[in-house]
>>> print(open('start27.cif').read())   # mmCIF, C-alpha atoms
data_entry
#
loop_
_atom_site.label_atom_id
_atom_site.label_comp_id
_atom_site.auth_asym_id
_atom_site.auth_seq_id
_atom_site.Cartn_x
_atom_site.Cartn_y
_atom_site.Cartn_z
CA MET W 26 -0.44 -31.45 -10.29
CA ILE W 27 1.31 -34.77 -9.56
CA GLU W 28 4.22 -32.91 -7.98
CA LEU W 29 1.90 -31.00 -5.66
CA LEU W 30 0.07 -34.15 -4.57
CA ALA W 31 3.34 -35.98 -4.03
CA ALA W 32 4.85 -33.08 -2.05
CA SER W 33 1.69 -32.96 0.07
CA ALA W 34 1.89 -36.70 0.76
CA PHE W 35 5.61 -36.43 1.58
CA ALA W 36 5.02 -33.52 3.95
CA GLY W 37 1.89 -35.05 5.47
CA LEU W 38 3.59 -38.34 6.29
CA LEU W 39 6.57 -36.54 7.84
CA ILE W 40 4.25 -34.36 9.92
CA TYR W 41 2.30 -37.42 11.08
CA ALA W 42 5.55 -39.20 12.02
CA ALA W 43 6.72 -36.16 13.99
CA THR W 44 3.48 -35.78 15.92
CA SER W 45 3.42 -39.50 16.70
CA ASP W 46 7.03 -39.32 17.87
CA VAL W 47 6.27 -36.39 20.19
CA ALA W 48 3.11 -37.97 21.58
CA ARG W 49 4.30 -41.56 22.02
CA LEU W 50 8.02 -41.67 21.12
CA ILE W 51 7.01 -44.12 18.37
CA ILE W 52 7.10 -43.70 14.61
CA PRO W 53 4.80 -46.36 13.15
CA ASN W 54 6.40 -48.60 10.54
CA TRP W 55 3.55 -47.98 8.10
CA VAL W 56 4.56 -44.30 7.85
CA SER W 57 8.08 -45.13 6.66
CA ILE W 58 6.79 -47.86 4.35
CA ALA W 59 4.18 -45.53 2.83
CA LEU W 60 6.74 -42.76 2.41
CA ALA W 61 9.17 -45.07 0.63
CA ALA W 62 6.45 -46.72 -1.47
CA LEU W 63 4.98 -43.41 -2.65
CA PHE W 64 8.29 -42.44 -4.21
CA LEU W 65 8.01 -45.07 -6.96
CA PRO W 66 4.77 -43.89 -8.60
CA THR W 67 5.76 -40.27 -8.09
CA ALA W 68 9.09 -40.74 -9.82
CA ILE W 69 7.55 -42.74 -12.66
CA LEU W 70 4.77 -40.20 -13.23
CA THR W 71 7.26 -37.33 -13.24
CA GLY W 72 9.51 -38.95 -15.83
CA ALA W 73 12.27 -40.65 -13.85
CA THR W 74 14.31 -43.28 -15.64
CA ALA W 75 14.80 -46.80 -14.30
CA GLN W 76 18.39 -45.88 -13.48
CA GLU W 77 17.28 -42.87 -11.43
CA LEU W 78 14.75 -45.01 -9.56
CA GLY W 79 17.41 -47.58 -8.78
CA LEU W 80 19.88 -44.98 -7.57
CA HIS W 81 17.31 -43.39 -5.24
CA VAL W 82 16.35 -46.76 -3.77
CA LEU W 83 20.01 -47.77 -3.42
CA PHE W 84 20.78 -44.46 -1.71
CA GLY W 85 17.89 -44.98 0.72
CA ALA W 86 19.14 -48.50 1.47
CA GLY W 87 22.58 -47.09 2.24
CA VAL W 88 21.08 -44.53 4.61
CA LEU W 89 19.07 -47.34 6.24
CA ALA W 90 22.27 -49.35 6.79
CA ILE W 91 23.92 -46.34 8.43
CA GLY W 92 20.75 -45.78 10.46
CA PHE W 93 20.91 -49.35 11.77
CA PHE W 94 24.47 -48.74 12.95
CA LEU W 95 23.34 -45.55 14.70
CA PHE W 96 20.45 -47.50 16.25
CA ALA W 97 22.80 -50.26 17.42
CA ALA W 98 25.02 -47.59 19.00
CA ASN W 99 21.91 -46.21 20.78
CA ILE W 100 22.28 -42.83 19.04
CA ILE W 101 18.88 -42.80 17.30
CA GLY W 102 15.75 -44.92 17.55
CA GLY W 103 14.74 -47.60 15.08
CA GLY W 104 11.77 -45.59 13.86
CA ASP W 105 14.05 -42.61 13.31
CA ALA W 106 16.45 -44.73 11.24
CA LYS W 107 13.61 -46.04 9.06
CA LEU W 108 12.03 -42.60 8.59
CA LEU W 109 15.41 -41.08 7.72
CA ALA W 110 15.95 -43.77 5.08
CA ALA W 111 12.45 -43.41 3.63
CA ALA W 112 12.87 -39.66 3.29
CA SER W 113 16.32 -40.20 1.77
CA ILE W 114 14.80 -42.24 -1.04
CA TRP W 115 12.99 -39.05 -2.03
CA THR W 116 16.01 -36.76 -1.64
CA GLY W 117 18.48 -39.02 -3.36
CA PHE W 118 22.03 -37.79 -3.38
CA ALA W 119 21.04 -34.47 -5.00
CA ALA W 120 18.94 -33.10 -2.12
CA PHE W 121 20.50 -35.05 0.74
CA ALA W 122 22.84 -32.24 1.82
CA PRO W 123 20.08 -29.74 2.66
CA PHE W 124 17.96 -32.53 4.14
CA ILE W 125 20.64 -33.82 6.52
CA PHE W 126 21.88 -30.30 7.35
CA TRP W 127 18.43 -29.10 8.45
CA THR W 128 17.70 -32.40 10.19
CA ALA W 129 20.92 -32.15 12.21
CA ALA W 130 20.41 -28.46 12.97
CA ALA W 131 16.82 -29.00 14.11
CA GLY W 132 17.85 -32.05 16.15
CA GLY W 133 20.58 -30.08 17.90
CA VAL W 134 18.27 -27.19 18.75
CA MET W 135 15.57 -29.58 19.90
CA ALA W 136 18.01 -31.48 22.12
CA LEU W 137 19.24 -28.26 23.72
CA VAL W 138 15.69 -27.04 24.33
CA LEU W 139 14.67 -30.38 25.86
CA LEU W 140 17.76 -30.50 28.07
CA ALA W 141 17.05 -26.96 29.30
CA ALA W 142 13.36 -27.73 29.80
CA ARG W 143 14.24 -30.82 31.82
CA GLN W 144 16.26 -28.60 34.14
CA TRP W 145 13.89 -25.67 34.44
CA VAL W 146 10.31 -26.77 33.67
CA PRO W 147 8.62 -28.71 36.45
CA GLN W 148 6.47 -31.74 35.82
CA THR W 149 2.97 -31.03 37.04
CA GLU W 150 -0.35 -32.80 37.06
CA THR W 151 -1.75 -30.13 34.76
CA ASN W 152 0.75 -30.97 32.01
CA PRO W 153 -0.40 -33.45 29.38
CA ALA W 154 1.14 -36.90 29.94
CA PHE W 155 3.40 -36.65 26.88
CA VAL W 156 4.87 -33.35 28.15
CA ASN W 157 5.76 -34.89 31.50
CA ARG W 158 7.27 -37.89 29.67
CA LEU W 159 9.42 -35.57 27.54
CA LEU W 160 10.51 -33.71 30.68
CA THR W 161 11.90 -36.85 32.31
CA GLY W 162 15.55 -37.60 31.78
CA LYS W 163 14.61 -41.21 31.06
CA SER W 164 12.80 -40.50 27.80
CA GLY W 165 14.52 -40.03 24.49
CA ILE W 166 14.36 -37.13 22.12
CA PRO W 167 11.63 -37.31 19.46
CA TYR W 168 14.04 -37.02 16.53
CA GLY W 169 11.16 -37.53 14.10
CA VAL W 170 10.51 -33.80 14.56
CA ALA W 171 14.00 -32.99 13.30
CA ILE W 172 13.61 -35.38 10.36
CA MET W 173 10.31 -33.70 9.50
CA PHE W 174 11.92 -30.27 9.64
CA GLY W 175 14.81 -31.41 7.44
CA GLY W 176 12.42 -32.96 4.93
CA LEU W 177 10.25 -29.86 4.73
CA MET W 178 13.26 -27.59 4.32
CA ALA W 179 14.69 -29.83 1.58
CA LEU W 180 11.37 -30.10 -0.27
CA PRO W 181 12.26 -27.50 -2.96
CA SER W 182 15.49 -29.40 -3.72
CA ILE W 183 13.97 -32.86 -4.09
CA PRO W 184 14.31 -34.28 -7.61
CA HIS W 185 11.05 -35.01 -9.42
CA LEU W 186 9.22 -32.38 -7.34
CA SER W 187 9.46 -29.02 -9.05
CA ILE W 188 7.97 -27.25 -6.03
CA SER W 189 8.75 -23.60 -5.50
CA LEU W 190 8.02 -22.03 -2.16
CA THR W 191 8.23 -18.47 -3.49
CA MET W 192 5.20 -16.47 -4.41
CA PRO W 193 4.78 -15.46 -8.10
#
>>> encode(input="start27.cif", output="structure tokens")
Amino acid sequence: MIELLAASAFAGLLIYAATSDVARLIIPNWVSIALAALFLPTAILTGATAQELGLHVLFGAGVLAIGFFLFAANIIGGGDAKLLAAASIWTGFAAFAPFIFWTAAAGGVMALVLLAARQWVPQTETNPAFVNRLLTGKSGIPYGVAIMFGGLMALPSIPHLSISLTMP
């Protein structure tokens, strides 16, 4: 039961971050903080050792450091770097490969679709404001969507969450 609640919280926070990123190109800090903070009780309640907890937090801190370099190089946004690190605390090293693979794949597809849409889809008054903002070449790419996709795809591989997406 704990695993299901934790997986729901993990997925829910990623989905909220993605929708916020699409709507406003902002991922609120509280989402990344909540995501990181929820790992601790989840891991403890599912039997993680202190060493495992430390390694997950250390791994997330390493991803955050890399994220800050990517932010400084203007490759990703600050909210994206923080969300990526918070999700990485959950994945640890064990589930990071599927997480980062699906995040990168979704980000690439999303970038191609947005670049094509910016060329072919006109901005109109009937479009919602966030659609017109996404269609301008001046706006960034809401990479929180890719991080969400990567997190959801990696969910079955995340340690301390024995979640199976197959039907019995």
>>> resolve_selection(input="start27.cif", expression="the PyMOL selection byres ((chain W and resi 171-182) around 7)", output="PyMOL selection string")
chain W and resi 36+39-40+43+109+112+120+123-125+127-128+131-132+168-170+183-184+187-190
>>> closest_residue(input="start27.cif", among="W:Thr161, W:Leu108, W:Leu186, W:Val88", to="Asp46 (chain W)", atoms="all atoms listed in the file")
W:Leu108
>>> resolve_selection(input="start27.cif", expression="the PyMOL selection byres ((chain W and resi 155) around 9)", output="list of chain:residue names")
W:Val47, W:Ala48, W:Arg49, W:Leu50, W:Asn152, W:Pro153, W:Ala154, W:Val156, W:Asn157, W:Arg158, W:Leu159, W:Leu160
>>> residues_near_point(input="start27.cif", point="(8.8, -38.7, -3.0)", cutoff="7 Å", atoms="all atoms listed in the file", output="list in words")
Ala31, Ala32, Phe35, Leu63, Phe64, Thr67 and Trp115 of chain W
>>> closest_residue(input="start27.cif", among="W:Val134, W:Gly85, W:Lys107, W:Leu65", to="Phe121 (chain W)", atoms="only C-alpha atoms")
W:Gly85
>>> closest_residue(input="start27.cif", among="W:Leu38, W:Val138, W:Ala73, W:Ile27", to="Pro53 (chain W)", atoms="all atoms listed in the file")
W:Leu38
>>> closest_residue(input="start27.cif", among="W:Ile51, W:Ala106, W:Ala119, W:Ile69", to="Ala86 (chain W)", atoms="only C-alpha atoms")
W:Ala106
>>> atom_distance(input="start27.cif", atom1="CA of Thr116 (chain W)", atom2="CA of Glu77 (chain W)")
11.6 Å
>>> atom_distance(input="start27.cif", atom1="CA of Ala68 (chain W)", atom2="CA of Val56 (chain W)")
18.6 Å
>>> atom_distance(input="start27.cif", atom1="CA of Gly133 (chain W)", atom2="CA of Ile166 (chain W)")
10.3 Å
>>> closest_residue(input="start27.cif", among="W:His185, W:Tyr41, W:Pro167, W:Ala142", to="Gly72 (chain W)", atoms="only C-alpha atoms")
W:His185
>>> closest_residue(input="start27.cif", among="W:Ser33, W:Gly103, W:Gln144, W:Lys163", to="Ile52 (chain W)", atoms="all atoms listed in the file")
W:Gly103
>>> resolve_selection(input="start27.cif", expression="the PyMOL selection byres ((chain W and resi 87) around 12)", output="list of chain:residue names")
W:Leu80, W:His81, W:Val82, W:Leu83, W:Phe84, W:Gly85, W:Ala86, W:Val88, W:Leu89, W:Ala90, W:Ile91, W:Gly92, W:Phe93, W:Phe94, W:Ala106, W:Lys107, W:Leu109, W:Ala110, W:Ala111, W:Ser113, W:Ile114, W:Gly117, W:Phe118
